[in-house]
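This report concerns only the one structure given below.
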Amino acid sequence: MTELISGARRLSHAELQQRAAQAAGGFRQLGIGDGDVVALYMRNDFAFFEATLAAGLAGAYATPVNWHFTAEETAYILSDSEAKVLVVHGDLWPRIAAVVPRHVHVFIVPTPPEIAGAYGADTALPPEAAGFRLWDEWVAAQQPLQGGSTLPRGSMIYTSGTTGRPKGVRRQQPTQEQYDGNRQAAATYFGLKPGTDMTVLMNGPMYHSAPNSYGIMAARLGTRIVLQPRFDAEEMLQLIERHRITHMHIVPTMFVRLLKLPEEIRRRYDLGSLRDVVHGAAPCPPDVKQAMLDWWGPVINEYYGSTETGIAVWLSAADARRKRGSVGCVLPGAVVKIFSEDGRELPPGETGEIYMRASYIPDFTYNKLDDKRAEVGRGDLVTVGDVGFIDNEGFVYLCDRKRDMVISGGVNIYPAEIESVLIGMPGVKDCAVFGIPDEEFGESLCACIEPDPREAPPAPAAVRSYLAERVAKYKVPKIVEIVPGLPREDSGKIFKRKLREPYWEKAGRAI
């Protein structure tokens with residue numbers, strides 16, 4: 001039976017489709033239509049799938065918001081996206097209630113027991129939820145939408161930007177050819193095929209682009225889906241054995257945590273049901289990849305792409321053994337090119353900035369920022385600032401990142417956003433935030449502070465506390481250094497490379 005499973009709860013695929021159609025009908029009654037936005041501030045839950053599918057049927061975008069965001073960060077996305085609906089878990093509502101515009105239709109989803117238990121939250125509705133509509137009750141009272149969109153626009157994911165504010169990746173509505181091509185790519189490279197005996201484990205937060213695309217595609221195909229409330233390495237092994245998981249999306253940090261389990265625990269569970277495990281979202285250290293292949297066998301494949309471009313490169317388990325360190329070959333229907341600083345297309349083996357596109361992914365713009373979209377384009381190709389090369393066999397290798405983005409545990413973090421907050425702290429004259437090697441997360445953050453000579457220099461603990469009140473916790477630097485002066489280029493710009501290099505030289509890698 002195809003169904004969604006979360007803890008002891010079950011929702012059949014037929015019930016999911018019915019409830020999505022009813023929610024879409026309700027959205028239309030609220031005036032939600034073509035190109036509007038339905039925002040989600042919640043963990044992976046049945047309502048996340050229902051609201052996302054309903055938005056697509058109504059011709060709207062679903063916009064998941066990282067629930068780790070502070071009220072200020074959330075307010076920006078709700079404002080920039082002009083969201084008309086917000087679906088939110090009950091225990092999360094109090095932290096953002098004061099910043100949600102009054103015109104937004106708010107629906108409260110009581111936090112289910114398995115999610116509340118995983119996060120130490122309360123299943124009871126908070127006092128702040130009084131007077132707001134409950135999602136389940138409202139959906140049950142709606143009439144299903146007849147003749148909804150058969151070509152949904154997909155989610156509008158916000159990705160952090162170098163200007164310090166996240167940017168919404170707003171895609172055009174797909175053509176039938178693109179929609180079919182995307183489904184075919186999911187079948188070929190993710191193994192997500194309709195009408196097969198698949199069981200998918202969703203263990204990553206669907207406010208991120210890759211898990212979102214993976215999970216929603218699986219739901220549209222009628223796949224049996226098991227939701228892990230919060231990633232835990234041993235619990236994931238338990239779920240694989242209990243539910244006979246066949247397919248899964250994962251990020252390298254999860255590999256690291258799995259490999260840290262004692263050998264007796266790793267051998268305790270039957271993982272023989274696994275057929276297709278795909279990973280991406282962050283570079284995977286070659287030693288970690290090889291260790292996972294040794295353990296799980298040739299079921300682990302890799303992709304490379306971005307929120308903007310979709311997936312353009314693919315690496316099979318077999319090629320991972322032969323092409324250590326590569327992220328794979330260019331997919332049919334995709335284009336990847338390497339360009340020099342002066343705009344020359346570079347031949348195989350030469351390193352430059354990576355530009356790419358996939359023909360089956362609709363074009364996009366950044367919401368209300370067409371100029372920013374133009375900045376990352378070269379013809380119909382797009383870059384996210386990665387630097388690398390293509391070898392003579394067509395395999396792509398990543399070497400560095402041209403821009404400041406840090407990927408920690410598969411999460412994109414842009415230092416400019418943190419620096420723009422930190423520069424307002426008393427005692428801070430200037431600052432630089434950058435990524436340093438981290439054994440578990442791939443990268444973590446370091447902040448170098450140049451103190452204001454007119455004031456007492458801030459203590460590292462005070463810097464972390466100041467940031468923790470203003471940005472999501474995962475954006476608070478792990479290391480804070482107070483330095484007498486920051487290295488600068490002739491232009492006066494901070495020379496981040498000189499700050500960053502000592503850490504990476506010790507790690508023996510650059511990304």
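Ordered as shown in the structure tokens, chains take letters A, B, and onward, while each chain numbers its residues from 1 and ligands are numbered from 1 in the order shown.
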Taking only stretch 8-193 of chain A into account, list the residues labelled alpha helix (DSSP H) by DSSP (computed from the backbone), as a ChimeraX atom specification.
/A:13-29,46-57,71-81,93-96,113-119,135-140,176-185
Please, which residues in stretch 338-435 of chain A fall within 12 Å of stretch 62-86 of chain A when counting only C-alpha atoms, and what is the closest atom pair and distance in Å to one decimal for each, ordered by chain then residue number, as CSV?
```
residue,atom,partner,partner_atom,distance
A:Tyr366,CA,A:Ser81,CA,10.6
A:Asn367,CA,A:Ser81,CA,7.3
A:Lys368,CA,A:Asp80,CA,8.0
A:Leu369,CA,A:Asp80,CA,10.4
A:Val411,CA,A:Asn66,CA,10.4
A:Asn412,CA,A:Asn66,CA,11.6
A:Glu417,CA,A:Glu73,CA,10.4
A:Ile418,CA,A:Glu73,CA,11.7
A:Val421,CA,A:Glu73,CA,11.6
```
Skip stretch 45-56 of chain A itself and residues of its chain fewer than 2 positions away, then list as an MDAnalysis selection string all residues within 7 Å of it, counting only C-alpha atoms.
chainID A and resid 16 19:21 23:24 38 43 58:62 149 152:154 216
Restricting the output to all heavy atoms, write the selected residues as a short mmCIF file (atom, residue, chain, number, x, y, z; two decimals), in the first residue's frame.
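Contents of again_21.cif, as written:
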```cif
data_model
loop_
_atom_site.label_atom_id
_atom_site.label_comp_id
_atom_site.auth_asym_id
_atom_site.auth_seq_id
_atom_site.Cartn_x
_atom_site.Cartn_y
_atom_site.Cartn_z
N LEU A 16 -3.94 11.36 0.69
CA LEU A 16 -3.07 12.52 0.44
C LEU A 16 -3.56 13.30 -0.76
O LEU A 16 -3.68 14.53 -0.71
CB LEU A 16 -1.64 12.04 0.22
CG LEU A 16 -0.63 13.11 -0.25
CD1 LEU A 16 -0.49 14.22 0.78
CD2 LEU A 16 0.74 12.47 -0.54
N ARG A 19 -6.89 15.09 0.09
CA ARG A 19 -6.71 16.25 0.97
C ARG A 19 -5.99 17.39 0.24
O ARG A 19 -6.30 18.57 0.47
CB ARG A 19 -5.94 15.84 2.22
CG ARG A 19 -6.78 14.99 3.18
CD ARG A 19 -5.98 14.54 4.39
NE ARG A 19 -5.45 15.67 5.15
CZ ARG A 19 -6.15 16.42 6.00
NH1 ARG A 19 -7.45 16.17 6.19
NH2 ARG A 19 -5.58 17.40 6.66
N ALA A 20 -5.07 17.06 -0.65
CA ALA A 20 -4.40 18.10 -1.44
C ALA A 20 -5.41 18.81 -2.34
O ALA A 20 -5.39 20.05 -2.48
CB ALA A 20 -3.27 17.50 -2.26
N ALA A 21 -6.31 18.04 -2.96
CA ALA A 21 -7.34 18.63 -3.82
C ALA A 21 -8.28 19.51 -3.01
O ALA A 21 -8.70 20.59 -3.46
CB ALA A 21 -8.11 17.53 -4.54
N ALA A 23 -7.54 21.05 -0.13
CA ALA A 23 -6.80 22.26 0.27
C ALA A 23 -6.66 23.21 -0.91
O ALA A 23 -6.76 24.43 -0.75
CB ALA A 23 -5.42 21.88 0.80
N ALA A 24 -6.45 22.67 -2.12
CA ALA A 24 -6.36 23.52 -3.32
C ALA A 24 -7.66 24.25 -3.55
O ALA A 24 -7.68 25.44 -3.91
CB ALA A 24 -5.97 22.68 -4.53
N VAL A 38 2.33 30.08 -1.12
CA VAL A 38 1.90 29.44 0.12
C VAL A 38 3.17 29.10 0.89
O VAL A 38 4.00 28.31 0.42
CB VAL A 38 1.10 28.16 -0.16
CG1 VAL A 38 0.79 27.41 1.13
CG2 VAL A 38 -0.19 28.48 -0.91
N ARG A 43 8.35 21.28 10.17
CA ARG A 43 9.21 20.14 9.86
C ARG A 43 8.50 19.26 8.83
O ARG A 43 7.38 19.55 8.41
CB ARG A 43 9.51 19.32 11.11
CG ARG A 43 10.35 20.03 12.16
CD ARG A 43 9.48 20.72 13.14
NE ARG A 43 10.21 21.13 14.34
CZ ARG A 43 9.59 21.57 15.42
NH1 ARG A 43 8.27 21.66 15.45
NH2 ARG A 43 10.28 21.93 16.48
N ALA A 58 -3.25 24.60 -7.37
CA ALA A 58 -3.87 25.93 -7.47
C ALA A 58 -3.07 26.88 -8.35
O ALA A 58 -3.47 28.03 -8.55
CB ALA A 58 -4.03 26.52 -6.08
N GLY A 59 -1.93 26.42 -8.88
CA GLY A 59 -1.10 27.28 -9.72
C GLY A 59 -0.16 28.16 -8.95
O GLY A 59 0.47 29.07 -9.51
N ALA A 60 -0.02 27.91 -7.63
CA ALA A 60 0.82 28.74 -6.77
C ALA A 60 2.15 28.07 -6.51
O ALA A 60 2.36 26.90 -6.84
CB ALA A 60 0.09 29.02 -5.46
N TYR A 61 3.06 28.82 -5.90
CA TYR A 61 4.33 28.28 -5.44
C TYR A 61 4.21 27.88 -3.97
O TYR A 61 3.62 28.63 -3.18
CB TYR A 61 5.45 29.32 -5.55
CG TYR A 61 5.82 29.74 -6.93
CD1 TYR A 61 5.28 30.89 -7.50
CD2 TYR A 61 6.75 29.01 -7.68
CE1 TYR A 61 5.64 31.31 -8.77
CE2 TYR A 61 7.11 29.42 -8.96
CZ TYR A 61 6.55 30.56 -9.49
OH TYR A 61 6.91 30.97 -10.76
N ALA A 62 4.79 26.77 -3.60
CA ALA A 62 5.01 26.47 -2.19
C ALA A 62 6.40 26.99 -1.83
O ALA A 62 7.36 26.75 -2.55
CB ALA A 62 4.94 24.97 -1.93
N SER A 149 -4.09 22.59 -11.84
CA SER A 149 -2.93 22.58 -12.72
C SER A 149 -2.29 21.20 -12.77
O SER A 149 -2.05 20.57 -11.75
CB SER A 149 -1.89 23.59 -12.23
OG SER A 149 -0.71 23.50 -12.99
N PRO A 152 2.54 21.65 -12.26
CA PRO A 152 2.83 22.58 -11.15
C PRO A 152 4.17 23.27 -11.32
O PRO A 152 5.12 22.72 -11.89
CB PRO A 152 2.83 21.65 -9.93
CG PRO A 152 3.11 20.29 -10.48
CD PRO A 152 2.48 20.26 -11.83
N ARG A 153 4.23 24.49 -10.83
CA ARG A 153 5.45 25.30 -10.93
C ARG A 153 6.56 24.75 -10.03
O ARG A 153 7.73 25.05 -10.23
CB ARG A 153 5.16 26.74 -10.51
CG ARG A 153 4.17 27.46 -11.41
CD ARG A 153 3.83 28.81 -10.80
NE ARG A 153 2.89 29.56 -11.64
CZ ARG A 153 3.26 30.35 -12.63
NH1 ARG A 153 4.53 30.50 -12.91
NH2 ARG A 153 2.36 31.00 -13.35
N GLY A 154 6.21 24.00 -9.02
CA GLY A 154 7.19 23.55 -8.05
C GLY A 154 7.35 24.55 -6.92
O GLY A 154 6.63 25.56 -6.84
N ILE A 216 8.87 15.51 -2.79
CA ILE A 216 7.63 15.85 -3.49
C ILE A 216 7.50 15.02 -4.76
O ILE A 216 6.39 14.58 -5.12
CB ILE A 216 7.59 17.36 -3.81
CG1 ILE A 216 7.56 18.17 -2.50
CG2 ILE A 216 6.37 17.70 -4.65
CD1 ILE A 216 6.44 17.82 -1.55
#
```
DSSP on the backbone: what in stretch 92-319 of chain A comes out strand (DSSP E or B), as a ChimeraX atom specification?
/A:105-109,133-134,155,157-159,167-171,199-202,224-227,247-250,276-279,300-306,310-315
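For the pair atom CA of A:Ala447 and atom CA of A:Met254, the separation is 25.5 Å.
Among the candidates A:Ala317, A:Val87, A:Ala39, A:Leu445, the residue lying nearest to A:Met405 is A:Leu445 (atoms considered: only C-alpha atoms).
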Which polymer residues have any atom within 7 Å of an atom of stretch 91-102 of chain A, counting only C-alpha atoms, with same-chain residues fewer than 5 positions away left out, as a PyMOL selection string?
chain A and resi 71+75+111+121-122+125-126+128
Save out the residues we just selected, C-alpha atoms, as a PDB file, in the first residue's frame.
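As written to disk, again_36.pdb reads:
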```pdb
ATOM      1  CA  ALA A  71      11.530  35.990  13.441  1.00  0.00           C
ATOM      2  CA  ALA A  75       9.587  38.145   8.216  1.00  0.00           C
ATOM      3  CA  THR A 111       2.831  19.279  16.402  1.00  0.00           C
ATOM      4  CA  ALA A 121       8.554  20.325  21.864  1.00  0.00           C
ATOM      5  CA  ASP A 122       4.983  20.363  23.169  1.00  0.00           C
ATOM      6  CA  LEU A 125      -1.359  24.174  21.079  1.00  0.00           C
ATOM      7  CA  PRO A 126       0.204  27.338  22.524  1.00  0.00           C
ATOM      8  CA  GLU A 128      -0.846  32.246  20.707  1.00  0.00           C
TER       9      GLU A 128
END
```
Could you pull the residues within 6 Å of stretch 133-139 of chain A, counting only C-alpha atoms, minus those fewer than 5 positions along the same chain, as a CSV table (one decimal) with N, CA and C atoms, in the first residue's frame?
```
chain,number,residue,atom,x,y,z
A,22,GLN,N,-8.6,19.1,-1.8
A,22,GLN,CA,-9.5,19.9,-0.9
A,22,GLN,C,-8.8,21.2,-0.5
A,23,ALA,N,-7.5,21.1,-0.1
A,23,ALA,CA,-6.8,22.3,0.3
A,23,ALA,C,-6.7,23.2,-0.9
A,107,PHE,N,-2.6,29.0,9.1
A,107,PHE,CA,-3.2,27.7,9.5
A,107,PHE,C,-2.2,27.0,10.4
A,108,ILE,N,-2.7,26.5,11.6
A,108,ILE,CA,-1.9,25.9,12.6
A,108,ILE,C,-2.0,24.4,12.4
A,109,VAL,N,-0.8,23.7,12.4
A,109,VAL,CA,-0.8,22.3,12.4
A,109,VAL,C,-0.3,21.8,13.8
```
Would you list the contacts of A:Thr159 as a PDB file with N, CA and C atoms, in the first residue's frame, taking every protein, DNA or RNA residue within 7 Å and counting only C-alpha atoms, but skipping same-chain residues closer than 5 positions in sequence?
```pdb
ATOM      1  N   PRO A 166      18.540  36.328   1.553  1.00  0.00           N
ATOM      2  CA  PRO A 166      18.189  35.195   0.698  1.00  0.00           C
ATOM      3  C   PRO A 166      17.416  35.651  -0.541  1.00  0.00           C
ATOM      4  N   LYS A 167      17.549  34.880  -1.619  1.00  0.00           N
ATOM      5  CA  LYS A 167      16.866  35.187  -2.870  1.00  0.00           C
ATOM      6  C   LYS A 167      15.964  34.014  -3.241  1.00  0.00           C
ATOM      7  N   GLY A 168      14.734  34.316  -3.634  1.00  0.00           N
ATOM      8  CA  GLY A 168      13.795  33.280  -4.025  1.00  0.00           C
ATOM      9  C   GLY A 168      14.017  32.852  -5.466  1.00  0.00           C
TER      10      GLY A 168
END
```
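Atom CA of A:Met217 to atom CA of A:Thr123 spans 29.1 Å [interatomic distance, one decimal].
Neighbouring residues of A:Ser316 at 12 Å or closer, counting only C-alpha atoms and skipping chain neighbours under 5 positions away, are Thr188, Tyr189, Phe190, Asp276, Val277, Val278, His279, Lys289, Leu293, Gly297, Pro298, Val299, Ile300, Asn301, Glu302, Tyr303, Tyr304, Arg321, Arg322, Lys323, Arg324, Ser326, Val327, Gly328, Cys329, Val330, Leu331 and Phe395 of chain A.
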Using only C-alpha atoms, the shortest atom-to-atom distance to A:Val226 among A:Gly204, A:Gly325, A:Gly191, A:Gly394 belongs to A:Gly204
Residue nearest A:Ser444 among A:Lys473, A:Arg373, A:Arg220, A:Lys478 (counting only C-alpha atoms):
A:Lys478
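Our summary of the geometry notes that atom CA of A:Pro286 is positioned 17.9 Å from atom CA of A:Val387.
In terms of minimum interatomic distance to A:Ala291, A:Pro252 ranks closest within A:Gly222, A:Pro252, A:Pro127, A:Pro144, counting only C-alpha atoms.
Comparing the minimum interatomic distances between A:Ile225 and each of A:Glu443, A:Asp452, A:Glu3, A:Asp370, counting only C-alpha atoms, we find that A:Glu3 sits nearest.
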